[in-house]
Every structure is written in structure tokens, then in C-alpha cells.
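Have a look at the structure below before the remarks.
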Amino acid sequence: MPVDARQKERTTSQSTVERIDRIVLMRQALVLRISGVLLLVAALGSCSVRGDPGKPPPPVIVPPANAADMAGKSPLLDNGAAAACSNGGGTYLGDLQCQTADGSIVRMRLVNAATRDSATPAHPGSPHAWARATTASMFEYNKTSSTLLGGAVTIPENVQGGKELLSEWWRVSSRDQLLEMLGWLQFEGHRAAFEQLGRQVDAMSEKEFKAAEAALLEDPEQLYRAQIVRQYHHTLGQPGILAWDLIRYIALCRWGYLAGYLSQTEAWDHIMPAALRLQEAFGSWEDLQKDYLIGREFWSR
């Protein structure tokens with residue numbers, strides 16, 4: 001066979017091999033992409049993210065903080081009408097009449113022991129105060145008291161505000177529904193979905209995850225959640241997004257108390273074990289807050 005014919009045959013043969021190699025590589029890439037997509041989509045599909053709130057709820061009515069704010073409202077009665085009026089910066093006129101600093105006259109009202117207790121903050125530095133502080137930013141954001149268990153004194157308008165908050169943002173309208181939601185947050189929460197998806201994503205190679213990302217470009221919410229898990233699941237370790245679930249658990253107990261679904265004793269009996277879990281899981285307020293924010297990012301998309 002002439003030299004040029006042999007060279008042509010080798011060239012043709014090499015070209016054919018290269019084409020076959022390219023086809024094989026393309027098929028392998030396609031299989032890799034499909035495998036990655038199936039893994040991620042299956043994980044995302046099996047992770048049911050319950051639609052409980054993480055967005056800041058609307059503010060609850062706050063009781064008057066000073067005499068100027070008491071115009072048109074009835075200040076709470078402590079052990080005596082005169083003392084209560086004076087403590088609010090007013091002048092007691094007798095017959096449950098209190099003249100506030102701006103000159104207006106309001107009628108005082110008697111309250112029961114439970115309402116008085118709701119106006120008593122936990123002692124600073126106590127375990128109860130620490131537990132309450134985990135939700136301080138949420139209550140301050142809503143312009144409610146971070147120092148009172150329910151965020152406000154349990155007068156009727158505030159109790160109604162607590163019920164409306166729970167109904168609108170948590171779909172909780174009864175004691176039974178509250179206890180059900182608390183049980184979910186305590187034993188499952190969003191951390192269950194985060195952990196399930198995390199195991200799937202951590203098992204992917206970089207190429208598989210890139211392929212999955214490309215397949216999820218048309219679903220930005222799922223893509224963002226997958227990226228959050230890819231970035232943080234391994235580094236967070238065992239707690240996962242525990243702070244996200246338990247801080248909201250504690251807040252839910254506080255609002256449940258305000259709404260009248262939990263007694264004060266019941267609220268603290270639920271809150272304190274959750275606070276202890278947070279103390280054991282996180283070494284600093286910074287770690288606690290970081291975990292909460294990562295959980296919120298995972299939930300928000």
C-alpha cells in the first residue's frame with residue numbers, strides 16, 4: 001500500500017476514534033448531569049418545607065410605657081390605685097380617677113393576679129432572662145417588650161393581638177394547634193429537610209453538583225436552597241439549623257402565653273428545655289445568631 005494511502009487510512013482511523021471518544025464523553029457528561037439532577041431533584045422533592053412563618057410578624061399592642069402614652073387608656077392597677085397612678089407619672093384624684101401628665105383624666109381598672117404577673121419581667125441574669133433573650137431581636141423588631149414573657153401585658157386588647165398574630169403568621173387558632181406546631185418545631189422543624197437535602201448534596205462530586213445547578217436554573221428558589229445547603233451543611237455539623245427552629249419555638253411559646261393558649265407555668269416549662277438545648281449546642285451568641293440566619297435563608301426561598 002502506498003505511503004500516502006497508509007497515512008490517509010491512519011488519519012481517517014484517528015479521526016474516527018476521536019469522534020467516538022467525543023461521543024462517549026458527551027454521553028458520560030449527559031449521564032453525569034442526569035444523575036446529579038435526579039439526585040438533587042429527588043432530594044428537594046422529598047424535603048417538605050412546612051410553611052410556618054419565618055418572616056417578621058406584625059406588631060402586638062404594647063401597654064403604655066409612660067404617662068404621656070396613657071391618654072385615652074386605663075393604666076394598670078398595682079397594689080393601690082394611688083400608687084399605680086403615681087408610678088405612671090400621674091396624680092391620683094380618687095374614685096379610680098388618674099390625671100396624667102398632659103392633664104387628661106383616665107379611669108383606672110382593676111386587674112387580676114395573672115395580668116399583674118404578665119407585667120413582671122424575669123430577673124436580669126436569671127436562666128429565664130437568658131431564654132427570653134434568645135428571641136429579643138424578634139420582639140424588639142415588632143416593637144413589643146423583650147423583657148416580658150408575652151411581649152405585652154395580658155390585657156384584652158393585647159391578648160387579641162397575640163391571637164391574631166398566631167392565626168395570621170402561624171395558622172394557629174387554638175391551644176391544640178399551638179401544641180402541634182410546638183411538637184413539630186421541637187422534634188422535626190426545618191432542620192429535618194435541611195439535613196435530608198444536606199446528605200444528598202454532600203454525596204455529590206463537584207461536577208455532579210454543577211450539573212444539578214445548571215438543571216435548576218429555571219427554578220431559582222430550589223437552586224438557592226441547594227446552594228445554601230451545599231455551602232453550610234458540612235460546616236454546621238450535627239446541630240444543623242437547630243437555632244432557627246428552637247428560637248422560633250421559644251417565641252411561639254411566648255406568643256402562645258400572650259394569646260392565652262398556655263399558662264405562665266406551661267410556657268416556661270416548654271421554653272427552658274429548649275433554651276438548655278441551645279446553650280449546649282452553641283458556644284456563643286454569635287454562633288447562635290449565625291445558625292439562626294442560615295436557617296432563615298434556607299426557609300426563605
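Ordered as shown in the C-alpha cells, chains take letters A, B, and onward, while each chain numbers its residues from 1 and ligands are numbered from 1 in the order shown.
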
Non-local contacts of Met181 of chain A (8 Å; only C-alpha atoms; under 4 positions in same chain excluded) as a list of chain:residue names: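 Those residues are A:Val172, A:Gln177, A:Leu185.
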
Quick one: write out the picked residues with C-alpha atoms as a tab-separated table (two decimals), in the first residue's frame?
```tsv
chain	number	residue	atom	x	y	z
A	172	VAL	CA	-52.53	28.65	64.93
A	177	GLN	CA	-52.87	23.75	67.07
A	185	LEU	CA	-40.56	22.53	65.80
```

Among the residues A:Leu182, A:Val106, A:Leu148, A:Ile294, the one that comes closest to Arg132 of chain A [using only C-alpha atoms]: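 Checking each of A:Leu182, A:Val106, A:Leu148, A:Ile294 against Arg132 of chain A, counting only C-alpha atoms, the winner is A:Leu148.
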
Backbone-only DSSP, alpha helix (DSSP H) members of segment 200-297 of chain A, as number ranges by chain: A: 200-202, 206-215, 220-236, 242-259, 264-281, 285-297

Near-segment 272-279 of chain A list (7 Å; only C-alpha atoms; drop same-chain fewer than 5 positions) as a ChimeraX atom specification: /A:131,243,246

Separation of atom CA of Ser145 of chain A from atom CA of Gly89 of chain A in Å: 20.0 Å

Separation of atom CA of Ile105 of chain A from atom CA of Glu157 of chain A in Å: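 That distance, rounded to one decimal, is 20.6 Å.
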
Lys290 of chain A environment, 12 Å, only C-alpha atoms, sequence neighbours closer than 4 positions dropped, as a list of chain:residue names: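 Surrounding residues, per the criterion: A:Tyr232, A:Thr235, A:Leu236, A:Gly240, A:Ile241, A:Leu242, A:Ala243, A:Trp244, A:Phe282, A:Gly283, A:Ser284, A:Trp285, A:Glu286, A:Ile294, A:Gly295, A:Arg296, A:Glu297.
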
Just write the chosen residues, N, CA and C atoms, as an mmCIF file, in the first residue's frame.
```cif
data_model
loop_
_atom_site.group_PDB
_atom_site.id
_atom_site.type_symbol
_atom_site.label_atom_id
_atom_site.label_comp_id
_atom_site.auth_asym_id
_atom_site.auth_seq_id
_atom_site.Cartn_x
_atom_site.Cartn_y
_atom_site.Cartn_z
ATOM 1 N N TYR A 232 -23.251 25.272 53.613
ATOM 2 C CA TYR A 232 -23.231 25.282 55.078
ATOM 3 C C TYR A 232 -23.460 23.931 55.765
ATOM 4 N N THR A 235 -20.256 22.314 57.278
ATOM 5 C CA THR A 235 -19.596 23.112 58.313
ATOM 6 C C THR A 235 -20.437 23.245 59.579
ATOM 7 N N LEU A 236 -21.759 23.242 59.440
ATOM 8 C CA LEU A 236 -22.604 23.355 60.630
ATOM 9 C C LEU A 236 -22.562 22.094 61.473
ATOM 10 N N GLY A 240 -27.042 21.329 62.728
ATOM 11 C CA GLY A 240 -27.804 21.761 61.553
ATOM 12 C C GLY A 240 -28.298 23.176 61.767
ATOM 13 N N ILE A 241 -29.577 23.409 61.498
ATOM 14 C CA ILE A 241 -30.160 24.734 61.730
ATOM 15 C C ILE A 241 -31.062 24.690 62.968
ATOM 16 N N LEU A 242 -30.530 24.085 64.019
ATOM 17 C CA LEU A 242 -31.277 23.928 65.266
ATOM 18 C C LEU A 242 -31.720 25.273 65.834
ATOM 19 N N ALA A 243 -30.852 26.277 65.769
ATOM 20 C CA ALA A 243 -31.207 27.580 66.347
ATOM 21 C C ALA A 243 -32.418 28.184 65.643
ATOM 22 N N TRP A 244 -32.493 28.007 64.333
ATOM 23 C CA TRP A 244 -33.639 28.530 63.583
ATOM 24 C C TRP A 244 -34.949 27.947 64.101
ATOM 25 N N PHE A 282 -24.471 25.578 71.235
ATOM 26 C CA PHE A 282 -23.745 26.733 70.696
ATOM 27 C C PHE A 282 -22.888 27.375 71.785
ATOM 28 N N GLY A 283 -21.664 27.701 71.392
ATOM 29 C CA GLY A 283 -20.715 28.227 72.364
ATOM 30 C C GLY A 283 -20.758 29.715 72.556
ATOM 31 N N SER A 284 -21.479 30.427 71.699
ATOM 32 C CA SER A 284 -21.528 31.880 71.813
ATOM 33 C C SER A 284 -22.812 32.404 71.179
ATOM 34 N N TRP A 285 -23.133 33.656 71.513
ATOM 35 C CA TRP A 285 -24.290 34.298 70.894
ATOM 36 C C TRP A 285 -24.075 34.453 69.391
ATOM 37 N N GLU A 286 -22.802 34.673 68.988
ATOM 38 C CA GLU A 286 -22.512 34.819 67.560
ATOM 39 C C GLU A 286 -22.822 33.528 66.797
ATOM 40 N N ILE A 294 -28.731 31.351 58.938
ATOM 41 C CA ILE A 294 -28.605 30.362 57.866
ATOM 42 C C ILE A 294 -29.922 29.615 57.699
ATOM 43 N N GLY A 295 -30.536 29.254 58.824
ATOM 44 C CA GLY A 295 -31.842 28.603 58.758
ATOM 45 C C GLY A 295 -32.885 29.465 58.095
ATOM 46 N N ARG A 296 -32.852 30.744 58.393
ATOM 47 C CA ARG A 296 -33.825 31.648 57.783
ATOM 48 C C ARG A 296 -33.611 31.753 56.273
ATOM 49 N N GLU A 297 -32.343 31.768 55.858
ATOM 50 C CA GLU A 297 -32.052 31.798 54.423
ATOM 51 C C GLU A 297 -32.564 30.531 53.749
#
```

Determine, counting only C-alpha atoms, which protein, DNA and RNA residues have an atom within 9 Å of an atom of Gln160 of chain A; residues of the same chain fewer than 4 positions away are not included. Present the result as a short mmCIF file (atom, residue, chain, number, x, y, z; two decimals) with N, CA and C atoms, in the first residue's frame.
```
data_model
loop_
_atom_site.label_atom_id
_atom_site.label_comp_id
_atom_site.auth_asym_id
_atom_site.auth_seq_id
_atom_site.Cartn_x
_atom_site.Cartn_y
_atom_site.Cartn_z
N VAL A 60 -47.49 43.49 68.03
CA VAL A 60 -48.56 43.31 69.00
C VAL A 60 -48.66 44.59 69.81
N ILE A 155 -53.65 42.28 78.92
CA ILE A 155 -54.96 42.94 78.93
C ILE A 155 -55.68 42.52 77.65
N PRO A 156 -57.01 42.65 77.60
CA PRO A 156 -57.77 42.06 76.49
C PRO A 156 -57.28 42.42 75.10
N GLU A 164 -54.32 37.11 66.96
CA GLU A 164 -54.28 37.48 65.54
C GLU A 164 -52.91 37.19 64.94
N LEU A 165 -51.87 37.48 65.70
CA LEU A 165 -50.51 37.20 65.21
C LEU A 165 -50.33 35.70 64.94
N LEU A 258 -49.20 34.87 75.61
CA LEU A 258 -49.92 36.13 75.44
C LEU A 258 -51.34 35.88 74.96
N ALA A 259 -51.50 34.94 74.05
CA ALA A 259 -52.82 34.66 73.48
C ALA A 259 -53.72 33.88 74.43
#
```

Proximity to Ser263 of chain A - best of A:Arg248, A:Gly125, A:Ala211, A:Thr154, only C-alpha atoms: A:Thr154

10 Å contact set for Leu179 of chain A, only C-alpha atoms, chain neighbours under 3 positions out, as a ChimeraX atom specification: /A:172,174-176,182-185,252-253,256,261-262

Interatomic distance, atom CA of Thr265 of chain A to atom CA of Ser173 of chain A (Å, one decimal):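 We find that atom CA of Thr265 of chain A and atom CA of Ser173 of chain A lie 20.5 Å from each other.
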
Shortest interatomic distance to His190 of chain A - which of A:Gly162, A:Phe209, A:Pro239, A:Ser126, counting only C-alpha atoms: A:Pro239

Residue nearest Ser137 of chain A among A:Gly151, A:Cys85, A:Gly161, A:Ser167 (counting only C-alpha atoms):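 Selected residue with least distance to Ser137 of chain A: A:Gly151.
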
In segment 100-223 of chain A, DSSP strand (DSSP E or B) residues written as a ChimeraX atom specification: /A:105-107,109

Contacts of Arg230 of chain A within 10 Å, only C-alpha atoms, excl. fewer than 4 positions in-chain, as a list in words: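 Final neighbour list, sorted by chain and number: Leu197, Gly198, Arg199, Gln200, Val201, Asp202, Met204, Phe209, Tyr224, Arg225, Ala226, His234 and Thr235 of chain A.
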